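Below is target14.csv, which holds CSV, C-alpha atoms and all ligand atoms.
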chain,number,residue,atom,x,y,z
D,24,MET,CA,192.9,109.8,322.9
D,25,THR,CA,193.2,107.9,326.2
D,26,ARG,CA,192.6,110.8,328.5
D,27,LYS,CA,189.2,111.1,330.2
D,28,THR,CA,187.9,114.4,328.9
D,29,THR,CA,184.9,114.9,331.1
D,30,GLU,CA,185.9,115.4,334.7
D,31,PRO,CA,185.8,119.1,335.6
D,32,LYS,CA,189.3,120.3,335.8
D,33,GLU,CA,190.6,123.3,337.6
D,34,GLY,CA,194.1,124.6,337.0
D,35,ALA,CA,195.2,121.7,335.0
D,36,ALA,CA,196.3,122.2,331.4
D,37,ASP,CA,194.3,120.2,328.8
D,38,ASP,CA,196.2,118.1,326.3
D,39,THR,CA,197.3,119.7,323.0
D,40,ASP,CA,194.5,118.0,320.9
D,41,SER,CA,191.6,119.2,323.0
D,42,VAL,CA,193.1,122.7,323.2
D,43,GLN,CA,193.5,122.9,319.5
D,44,LEU,CA,189.9,121.6,319.0
D,45,ALA,CA,188.5,124.2,321.5
D,46,ASN,CA,190.4,127.0,319.7
D,47,ALA,CA,189.2,125.8,316.3
D,48,ALA,CA,185.7,125.6,317.7
D,49,VAL,CA,185.8,129.2,318.9
D,50,ALA,CA,187.2,130.4,315.6
D,51,LEU,CA,184.4,128.6,313.8
D,52,ALA,CA,181.6,129.8,316.1
D,53,GLY,CA,183.0,133.3,316.0
D,54,SER,CA,182.7,133.5,312.2
D,55,ALA,CA,180.0,131.0,311.0
D,56,PRO,CA,177.4,133.2,309.3
D,57,TRP,CA,174.4,131.1,310.5
D,58,LEU,CA,175.4,131.9,314.1
D,59,ALA,CA,175.5,135.7,313.6
D,60,GLY,CA,172.1,136.3,315.2
D,61,GLN,CA,173.0,134.2,318.3
D,62,ARG,CA,176.4,136.0,318.6
D,63,GLU,CA,174.7,139.3,318.5
D,64,GLN,CA,172.0,138.4,321.0
D,65,LEU,CA,174.5,137.0,323.5
D,66,THR,CA,176.9,139.9,323.1
D,67,GLN,CA,174.2,142.5,323.7
D,68,ALA,CA,172.9,140.6,326.7
D,69,TRP,CA,176.5,140.3,328.1
D,70,ARG,CA,177.1,144.1,327.7
D,71,GLY,CA,173.8,144.8,329.2
D,72,THR,CA,172.7,143.8,332.7
D,73,ARG,CA,170.5,140.8,332.1
D,74,PHE,CA,172.6,137.7,331.3
D,75,PRO,CA,171.0,134.3,332.1
D,76,HIS,CA,172.6,131.9,334.6
D,77,ALA,CA,171.8,129.0,332.3
D,78,LEU,CA,171.7,128.7,328.5
D,79,LEU,CA,170.4,125.8,326.5
D,80,LEU,CA,171.8,125.6,322.9
D,81,ARG,CA,169.5,123.4,321.0
D,82,GLY,CA,169.3,122.3,317.4
D,83,PRO,CA,170.2,119.5,315.0
D,84,ALA,CA,173.6,117.8,315.1
D,85,GLY,CA,176.3,119.4,313.0
D,86,VAL,CA,175.3,123.1,313.2
D,87,ALA,CA,178.2,124.0,315.7
D,88,LYS,CA,176.2,124.2,319.0
D,89,THR,CA,179.2,123.0,321.0
D,90,ALA,CA,181.5,125.4,319.2
D,91,LEU,CA,179.1,128.2,320.1
D,92,ALA,CA,179.2,127.0,323.8
D,93,GLU,CA,183.0,127.4,323.7
D,94,TRP,CA,182.6,130.9,322.2
D,95,VAL,CA,180.1,131.9,324.9
D,96,ALA,CA,182.6,130.8,327.6
D,97,ARG,CA,185.2,133.1,326.0
D,98,LEU,CA,182.6,135.9,325.9
D,99,VAL,CA,181.8,135.6,329.6
D,100,LEU,CA,185.3,134.9,330.9
D,101,CYS,CA,187.1,137.6,328.9
D,102,ASP,CA,188.4,140.5,331.1
D,103,GLU,CA,187.3,143.2,328.6
D,104,ARG,CA,183.5,143.1,328.7
D,105,ALA,CA,183.1,145.9,326.1
D,106,VAL,CA,185.0,144.0,323.4
D,107,ALA,CA,184.6,140.4,324.6
D,108,PRO,CA,185.8,138.0,323.5
D,109,CYS,CA,188.9,140.0,322.8
D,110,GLY,CA,191.4,137.2,322.4
D,111,GLN,CA,194.1,139.4,324.0
D,112,CYS,CA,193.5,139.7,327.7
D,113,ALA,CA,194.9,137.4,330.4
D,114,SER,CA,191.7,135.4,330.6
D,115,CYS,CA,191.4,134.9,326.8
D,116,GLN,CA,195.1,133.8,326.7
D,117,LEU,CA,194.5,131.3,329.5
D,118,MET,CA,191.6,129.9,327.6
D,119,ALA,CA,193.6,129.7,324.3
D,120,VAL,CA,196.1,127.5,326.1
D,121,GLY,CA,193.4,125.4,327.7
D,122,ASN,CA,194.2,126.5,331.2
D,123,HIS,CA,191.5,128.8,332.5
D,124,PRO,CA,190.6,127.7,336.1
D,125,ASP,CA,187.0,129.0,335.9
D,126,LEU,CA,186.0,127.1,332.8
D,127,LEU,CA,184.6,123.5,333.3
D,128,ARG,CA,183.4,121.0,330.9
D,129,VAL,CA,181.3,117.8,331.4
D,130,GLY,CA,180.5,115.3,328.7
D,131,LEU,CA,180.6,111.7,327.8
D,132,GLU,CA,183.6,109.9,329.3
D,133,GLU,CA,185.4,107.7,326.9
D,134,ASP,CA,183.2,104.7,325.9
D,135,ALA,CA,180.3,105.9,328.1
D,136,ARG,CA,176.8,106.2,326.7
D,137,GLN,CA,175.6,108.6,329.3
D,138,VAL,CA,176.9,111.6,331.2
D,139,LYS,CA,177.4,110.3,334.7
D,140,ILE,CA,176.1,111.6,338.0
D,141,GLU,CA,179.6,111.8,339.5
D,142,SER,CA,180.7,114.2,336.7
D,143,VAL,CA,177.7,116.5,337.3
D,144,ARG,CA,178.2,116.4,341.1
D,145,ALA,CA,181.8,117.4,340.7
D,146,LEU,CA,180.8,120.2,338.4
D,147,ALA,CA,178.1,121.4,340.8
D,148,SER,CA,180.5,121.6,343.7
D,149,SER,CA,183.1,123.4,341.6
D,150,LEU,CA,180.5,126.0,340.5
D,151,GLY,CA,179.6,126.5,344.2
D,152,MET,CA,183.2,127.7,344.9
D,153,ARG,CA,184.5,131.2,344.4
D,154,SER,CA,185.9,132.2,341.0
D,155,TYR,CA,189.7,132.0,340.8
D,156,ARG,CA,189.9,135.1,338.7
D,157,GLN,CA,187.2,137.2,340.4
D,158,GLY,CA,184.8,136.9,337.5
D,159,HIS,CA,182.3,134.3,336.4
D,160,LYS,CA,182.6,130.6,336.4
D,161,VAL,CA,181.3,128.8,333.3
D,162,ALA,CA,180.4,125.1,332.9
D,163,ILE,CA,179.6,123.5,329.6
D,164,VAL,CA,177.5,120.3,329.6
D,165,ALA,CA,177.6,118.6,326.2
D,166,PRO,CA,175.7,116.5,325.3
D,167,ALA,CA,173.2,117.5,328.0
D,168,ASP,CA,170.6,115.2,326.4
D,169,ARG,CA,172.7,112.2,327.3
D,170,MET,CA,172.7,112.7,331.0
D,171,SER,CA,171.7,109.8,333.2
D,172,THR,CA,168.6,110.3,335.3
D,173,GLY,CA,170.8,110.8,338.4
D,174,ALA,CA,173.0,113.3,336.5
D,175,ALA,CA,170.0,115.3,335.4
D,176,ASN,CA,168.6,115.4,339.0
D,177,ALA,CA,172.0,116.6,340.3
D,178,LEU,CA,172.1,119.3,337.6
D,179,LEU,CA,168.5,120.4,338.4
D,180,LYS,CA,169.6,121.2,342.0
D,181,THR,CA,172.3,123.5,340.6
D,182,LEU,CA,169.8,125.1,338.3
D,183,GLU,CA,167.3,125.7,341.1
D,184,GLU,CA,169.8,127.4,343.3
D,185,PRO,CA,172.4,128.9,341.0
D,186,ALA,CA,175.5,130.4,342.7
D,187,SER,CA,176.0,134.1,341.7
D,188,GLU,CA,178.2,134.8,338.7
D,189,THR,CA,177.9,131.3,337.3
D,190,LEU,CA,176.9,130.3,333.8
D,191,LEU,CA,175.8,126.8,332.8
D,192,VAL,CA,175.7,126.2,329.1
D,193,LEU,CA,173.8,123.0,328.0
D,194,VAL,CA,174.1,121.6,324.5
D,195,ALA,CA,171.4,119.3,323.1
D,196,ASP,CA,170.6,117.7,319.7
D,197,GLN,CA,167.5,116.0,321.1
D,198,VAL,CA,166.0,118.4,323.5
D,199,GLU,CA,163.0,116.1,324.1
D,200,ARG,CA,165.3,113.8,325.9
D,201,LEU,CA,166.1,116.5,328.4
D,202,PRO,CA,163.8,116.7,331.5
D,203,ALA,CA,161.3,119.6,331.0
D,204,THR,CA,162.2,120.8,334.5
D,205,ILE,CA,165.8,121.5,333.2
D,206,ALA,CA,164.9,122.9,329.8
D,207,SER,CA,162.4,125.3,331.4
D,208,ARG,CA,165.1,126.8,333.7
D,209,CYS,CA,167.4,127.7,330.9
D,210,GLN,CA,167.2,130.5,328.4
D,211,GLN,CA,166.9,128.5,325.1
D,212,LEU,CA,168.7,129.5,322.0
D,213,ARG,CA,167.7,127.5,318.9
D,214,ILE,CA,170.2,127.0,316.2
D,215,ALA,CA,168.8,126.0,312.8
D,216,ARG,CA,170.5,124.6,309.8
D,217,PRO,CA,171.7,127.4,307.4
D,218,ALA,CA,170.1,127.8,304.0
D,219,PRO,CA,172.0,125.5,301.5
D,220,GLU,CA,173.5,128.5,299.6
D,221,MET,CA,174.9,129.9,302.8
D,222,ALA,CA,176.3,126.5,303.9
D,223,LEU,CA,177.8,125.8,300.5
D,224,ALA,CA,179.5,129.2,300.4
D,225,TRP,CA,180.9,128.7,303.9
D,226,LEU,CA,182.1,125.2,303.1
D,227,ASN,CA,183.7,126.3,299.8
D,228,ALA,CA,185.5,129.2,301.6
D,229,ARG,CA,187.1,126.6,303.9
D,230,GLU,CA,188.0,124.2,301.1
D,231,ARG,CA,187.1,124.0,297.5
D,232,ARG,CA,185.4,120.7,296.7
D,233,THR,CA,183.0,119.8,293.9
D,234,ASP,CA,181.2,117.2,296.1
D,235,TRP,CA,180.0,119.6,298.8
D,236,PRO,CA,176.4,119.6,297.5
D,237,ALA,CA,176.3,115.8,297.8
D,238,CYS,CA,177.9,115.8,301.2
D,239,LEU,CA,175.6,118.5,302.4
D,240,GLU,CA,172.6,116.6,301.2
D,241,LEU,CA,173.6,113.5,303.0
D,242,ALA,CA,174.3,115.6,306.1
D,243,TYR,CA,170.7,117.0,305.9
D,244,GLY,CA,172.0,120.5,305.5
D,245,ALA,CA,174.2,120.5,308.6
D,246,PRO,CA,177.6,122.0,307.6
D,247,LEU,CA,179.8,120.2,310.2
D,248,ARG,CA,178.2,116.9,309.4
D,249,ALA,CA,178.9,117.6,305.7
D,250,MET,CA,182.6,118.2,306.6
D,251,ALA,CA,182.7,114.8,308.5
D,252,ILE,CA,181.2,113.1,305.4
D,253,ALA,CA,183.7,114.8,303.1
D,254,ALA,CA,186.5,113.7,305.3
D,255,GLY,CA,185.3,110.2,305.0
D,256,GLY,CA,185.4,110.1,301.2
D,257,GLY,CA,182.6,112.4,300.0
D,258,ALA,CA,180.9,111.8,296.7
D,259,ALA,CA,183.0,108.8,295.6
D,260,LEU,CA,182.0,107.0,298.8
D,261,THR,CA,178.4,108.0,298.3
D,262,ARG,CA,178.4,106.5,294.8
D,263,GLU,CA,179.9,103.2,296.0
D,264,MET,CA,177.5,103.0,298.9
D,265,SER,CA,174.5,103.8,296.8
D,266,ASP,CA,175.4,100.9,294.5
D,267,LEU,CA,175.7,98.7,297.6
D,268,LEU,CA,172.3,99.7,298.8
D,269,ASP,CA,170.8,98.9,295.4
D,270,ALA,CA,172.5,95.5,295.4
D,271,LEU,CA,171.3,94.7,298.9
D,272,SER,CA,167.7,95.6,298.1
D,273,GLY,CA,167.8,93.3,295.1
D,274,ALA,CA,169.6,90.0,294.5
D,275,GLY,CA,172.0,90.8,297.3
D,276,ARG,CA,175.7,90.5,297.6
D,277,ASP,CA,178.1,88.2,299.4
D,278,LEU,CA,178.1,89.9,302.8
D,279,VAL,CA,181.2,87.9,304.0
D,280,ALA,CA,183.2,89.0,301.0
D,281,GLU,CA,181.9,92.6,301.4
D,282,SER,CA,182.9,92.8,305.0
D,283,GLU,CA,186.3,91.3,304.3
D,284,ARG,CA,186.8,94.0,301.7
D,285,TRP,CA,185.8,96.7,304.2
D,286,THR,CA,188.0,95.3,306.9
D,287,LYS,CA,191.0,95.6,304.7
D,288,SER,CA,190.6,99.3,304.2
D,289,GLY,CA,188.0,102.0,304.7
D,290,ALA,CA,185.7,100.3,307.2
D,291,ALA,CA,185.4,103.3,309.5
D,292,GLU,CA,184.4,105.7,306.7
D,293,ARG,CA,181.8,103.3,305.3
D,294,VAL,CA,180.3,102.6,308.7
D,295,ARG,CA,180.1,106.3,309.3
D,296,TRP,CA,178.5,106.9,306.0
D,297,ILE,CA,175.8,104.3,306.9
D,298,GLU,CA,175.2,106.1,310.2
D,299,PHE,CA,174.6,109.4,308.4
D,300,TRP,CA,172.5,107.7,305.7
D,301,ALA,CA,170.3,106.0,308.4
D,302,ALA,CA,169.9,109.3,310.2
D,303,LYS,CA,168.8,111.0,307.0
D,304,ARG,CA,166.4,108.2,306.1
D,305,LEU,CA,164.9,108.3,309.6
D,306,ARG,CA,164.1,112.0,309.1
D,307,GLU,CA,162.5,111.3,305.7
D,308,ALA,CA,160.5,108.4,307.0
D,309,GLY,CA,159.4,110.6,310.0
D,310,SER,CA,158.1,113.3,307.7
D,311,SER,CA,156.4,110.9,305.2
D,312,SER,CA,154.6,109.0,308.0
D,313,ALA,CA,153.1,112.3,309.0
D,314,THR,CA,151.7,113.0,305.6
D,315,GLN,CA,150.9,109.5,304.5
D,316,PRO,CA,149.0,107.7,307.3
D,317,LEU,CA,148.0,104.9,304.9
D,318,HIS,CA,151.6,103.7,304.8
D,319,ALA,CA,152.1,104.1,308.6
D,320,VAL,CA,152.5,100.4,309.4
D,321,GLY,CA,155.0,99.8,306.7
D,322,ILE,CA,156.9,102.9,307.6
D,323,ARG,CA,157.0,101.9,311.2
D,324,ARG,CA,158.6,98.6,310.4
D,325,HIS,CA,161.1,100.4,308.2
D,326,VAL,CA,161.8,103.0,310.8
D,327,HIS,CA,162.5,100.3,313.4
D,328,ALA,CA,165.0,98.7,311.0
D,329,LEU,CA,166.6,102.0,310.3
D,330,PHE,CA,167.0,102.7,314.0
D,331,ALA,CA,168.7,99.3,314.4
D,332,VAL,CA,171.1,100.2,311.5
D,333,HIS,CA,171.8,103.7,312.9
D,334,ASP,CA,172.5,102.5,316.5
D,335,ARG,CA,174.7,99.6,315.3
D,336,ALA,CA,176.7,101.9,313.0
D,337,ARG,CA,177.2,104.4,315.8
D,338,ASP,CA,178.4,101.6,318.2
D,339,ALA,CA,180.6,100.1,315.5
D,340,THR,CA,182.3,103.4,314.9
D,341,SER,CA,183.3,103.6,318.5
D,342,TRP,CA,184.4,100.0,318.6
D,343,LEU,CA,186.5,100.5,315.4
D,344,GLN,CA,188.1,103.5,316.9
D,345,ARG,CA,189.2,101.5,319.9
D,346,GLY,CA,190.6,98.7,317.8
D,347,SER,CA,191.0,95.3,319.5
D,348,VAL,CA,187.7,94.1,318.1
D,349,ASN,CA,186.7,91.6,315.4
D,350,ALA,CA,186.0,94.2,312.8
D,351,GLN,CA,184.8,91.8,310.2
D,352,LEU,CA,182.1,90.3,312.5
D,353,LEU,CA,181.1,93.8,313.4
D,354,VAL,CA,180.7,94.8,309.8
D,355,GLU,CA,178.9,91.6,308.9
D,356,GLY,CA,176.3,92.4,311.6
D,357,LEU,CA,175.9,95.9,310.4
D,358,LEU,CA,175.4,94.7,306.8
D,359,LEU,CA,172.7,92.2,307.9
D,360,ASP,CA,170.8,95.0,309.6
D,361,LEU,CA,171.3,97.1,306.5
D,362,VAL,CA,169.7,94.3,304.3
D,363,ARG,CA,166.7,94.3,306.7
D,364,ALA,CA,166.4,98.0,306.5
D,365,VAL,CA,166.5,98.4,302.7
D,366,ARG,CA,164.2,95.4,302.2
D,367,SER,CA,161.6,96.8,304.7
D,368,ARG,CA,161.4,100.0,302.7
D,369,PRO,CA,157.8,100.8,301.8
D,370,THR,CA,157.5,100.9,298.0
D,371,GLY,CA,158.2,104.2,296.2
D,372,GLY,CA,161.0,105.4,298.5
D,373,ARG,CA,164.5,106.2,297.3
D,374,THR,CA,167.4,103.9,298.2
D,375,ALA,CA,170.0,106.5,298.8
G,401,ZN,ZN,189.6,138.8,326.5
Represent the supplied structure as structure tokens.
Amino acid sequence: MTRKTTEPKEGAADDTDSVQLANAAVALAGSAPWLAGQREQLTQAWRGTRFPHALLLRGPAGVAKTALAEWVARLVLCDERAVAPCGQCASCQLMAVGNHPDLLRVGLEEDARQVKIESVRALASSLGMRSYRQGHKVAIVAPADRMSTGAANALLKTLEEPASETLLVLVADQVERLPATIASRCQQLRIARPAPEMALAWLNARERRTDWPACLELAYGAPLRAMAIAAGGGAALTREMSDLLDALSGAGRDLVAESERWTKSGAAERVRWIEFWAAKRLREAGSSSATQPLHAVGIRRHVHALFAVHDRARDATSWLQRGSVNAQLLVEGLLLDLVRAVRSRPTGGRTA
């Protein structure tokens, strides 16, 4: 996509891709069983009289927080409060075609690492104006935990003096990166990973696959992450990559030949797999350092190396998507980091 997706837009139709994504997100959030409690709580609050002016949807990546944010927007902007989101009224239809003038979104601009102050300022001034359809105005900020300091300050002003009939929905994986002054002014809704049985049943209902358990494990129980992993090759890829990790921790492998092979086909899927793997290992290392202080120094070194792998893999993913980059050099760099990470592993841990 070449379009900037983050400037607040009013009255302009979104492109087809993002409209379809938003509709799919709403359908997902409206039916995902692990969001049932949040849907119920929000619906009751909306039909009652006490609805917050700011919501913070927090929880791990891949549990459909952003999808729930889209669903909340439909709940609040629907013309039929008693049955919202009805999907039928004029407001719901405007949202279904990506053209509701009172729904704003701010996020990462293409290639940007932070949500910019200009985006938040534009959002704040739009929220200060009257609703086009005599109802609420809704603004979604996702990922809110990636706001620059200036952007966070600009948002704080809006939170301190909210205009009437406005709703801000913030979405954050890493709520600790959000200033406490912002988090404390929002009603917080925590979204947890579903139990594995629930996640597997839901995934199988969408698509029958024998490798869902493996994908879900790599995704650390987050269903949307499991879907991303499955889309990138699933269990077969996991087998291939586990062999690679074993080889790298031992005698090694010809990294130049390996990166040549990746560059010919499947580099993006493999890089993404490494990103998920590093994220999973970081969690495991975090929990073991809490219970095994004797290994803390070794674990710290390992964690440092894993962070390097994770960040490089995430950057590589966005570079590869953009093309026009020396993919082989990129992959070689990532593999070197990966070698450091697997060899810094304190003894006794698992490779994959
Ligand atoms: Zn409606």
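Within 7 Å of the point (168.8, 127.6, 324.7), counting only C-alpha atoms, the protein and nucleic acid residues come to Leu78, Leu79, Leu80, Arg81, Cys209, Gln210, Gln211, Leu212 and Arg213 of chain D.
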For CA of Leu98 in chain D and CA of Ala47 in chain D, quote the distance in Å rounded to one decimal.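 CA of Ala47 in chain D lies 15.4 Å from CA of Leu98 in chain D.
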Give me, as CSV, the closest atom pair and its distance (Å, one decimal) for every residue of chain D within a cut-off of 8 Å of ligand ZN 401 (chain G), counting only C-alpha atoms and all ligand atoms, rows sorted by chain and rising number.
residue,atom,partner,partner_atom,distance
D:Arg97,CA,G:ZN401,ZN,7.2
D:Leu98,CA,G:ZN401,ZN,7.6
D:Leu100,CA,G:ZN401,ZN,7.3
D:Cys101,CA,G:ZN401,ZN,3.7
D:Asp102,CA,G:ZN401,ZN,5.0
D:Glu103,CA,G:ZN401,ZN,5.4
D:Arg104,CA,G:ZN401,ZN,7.8
D:Val106,CA,G:ZN401,ZN,7.6
D:Ala107,CA,G:ZN401,ZN,5.6
D:Pro108,CA,G:ZN401,ZN,4.9
D:Cys109,CA,G:ZN401,ZN,4.0
D:Gly110,CA,G:ZN401,ZN,4.8
D:Gln111,CA,G:ZN401,ZN,5.2
D:Cys112,CA,G:ZN401,ZN,4.2
D:Ala113,CA,G:ZN401,ZN,6.7
D:Ser114,CA,G:ZN401,ZN,5.7
D:Cys115,CA,G:ZN401,ZN,4.3
D:Gln116,CA,G:ZN401,ZN,7.4
Please identify all polymer residues within 12 Å of Arg324 in chain D, counting all atoms listed in the file, omitting same-chain residues fewer than 2 positions from it, and present them as a list in words.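 Near neighbours after the sequence-gap exclusion: Leu305, Ala308, Ser312, His318, Ala319, Val320, Gly321, Ile322, Val326, His327, Ala328, Leu329, Phe330, Ala331, Arg363, Ala364, Val365, Arg366, Ser367, Arg368 and Pro369 of chain D.
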Nearby residues (all atoms listed in the file) at most 8 Å from range 290-293 of chain D, same-chain spacing under 3 positions excluded, as a ChimeraX atom specification: /D:255-256,260,264,285-287,296-297,340,343-344,354
What's around Gln43 in chain D at 9 Å? Count all atoms listed in the file, leave out sequence neighbours fewer than 3 positions away in its own chain, and write the answer as a list of chain:residue names. D:Asp38, D:Thr39, D:Asp40, D:Asn46, D:Ala47, D:Ala48, D:Ala119, D:Val120, D:Gly121
Atoms kept (C-alpha atoms) for selection, written as a PDB file, in the frame of the given file:
ATOM      1  CA  ASP D  38     196.200 118.100 326.300  1.00  0.00           C
ATOM      2  CA  THR D  39     197.300 119.700 323.000  1.00  0.00           C
ATOM      3  CA  ASP D  40     194.500 118.000 320.900  1.00  0.00           C
ATOM      4  CA  ASN D  46     190.400 127.000 319.700  1.00  0.00           C
ATOM      5  CA  ALA D  47     189.200 125.800 316.300  1.00  0.00           C
ATOM      6  CA  ALA D  48     185.700 125.600 317.700  1.00  0.00           C
ATOM      7  CA  ALA D 119     193.600 129.700 324.300  1.00  0.00           C
ATOM      8  CA  VAL D 120     196.100 127.500 326.100  1.00  0.00           C
ATOM      9  CA  GLY D 121     193.400 125.400 327.700  1.00  0.00           C
TER      10      GLY D 121
END
Residue with smallest distance to Leu178 in chain D - pool D:Ala165, D:Ala147, D:Lys160, D:Pro202, counting all atoms listed in the file: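 Checking each candidate against Leu178 in chain D, we get D:Ala147 as the closest.
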Measure the distance from CA of Ala249 in chain D to CA of Glu355 in chain D in Å and round it to one decimal.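 Interatomic distance here is 26.2 Å.
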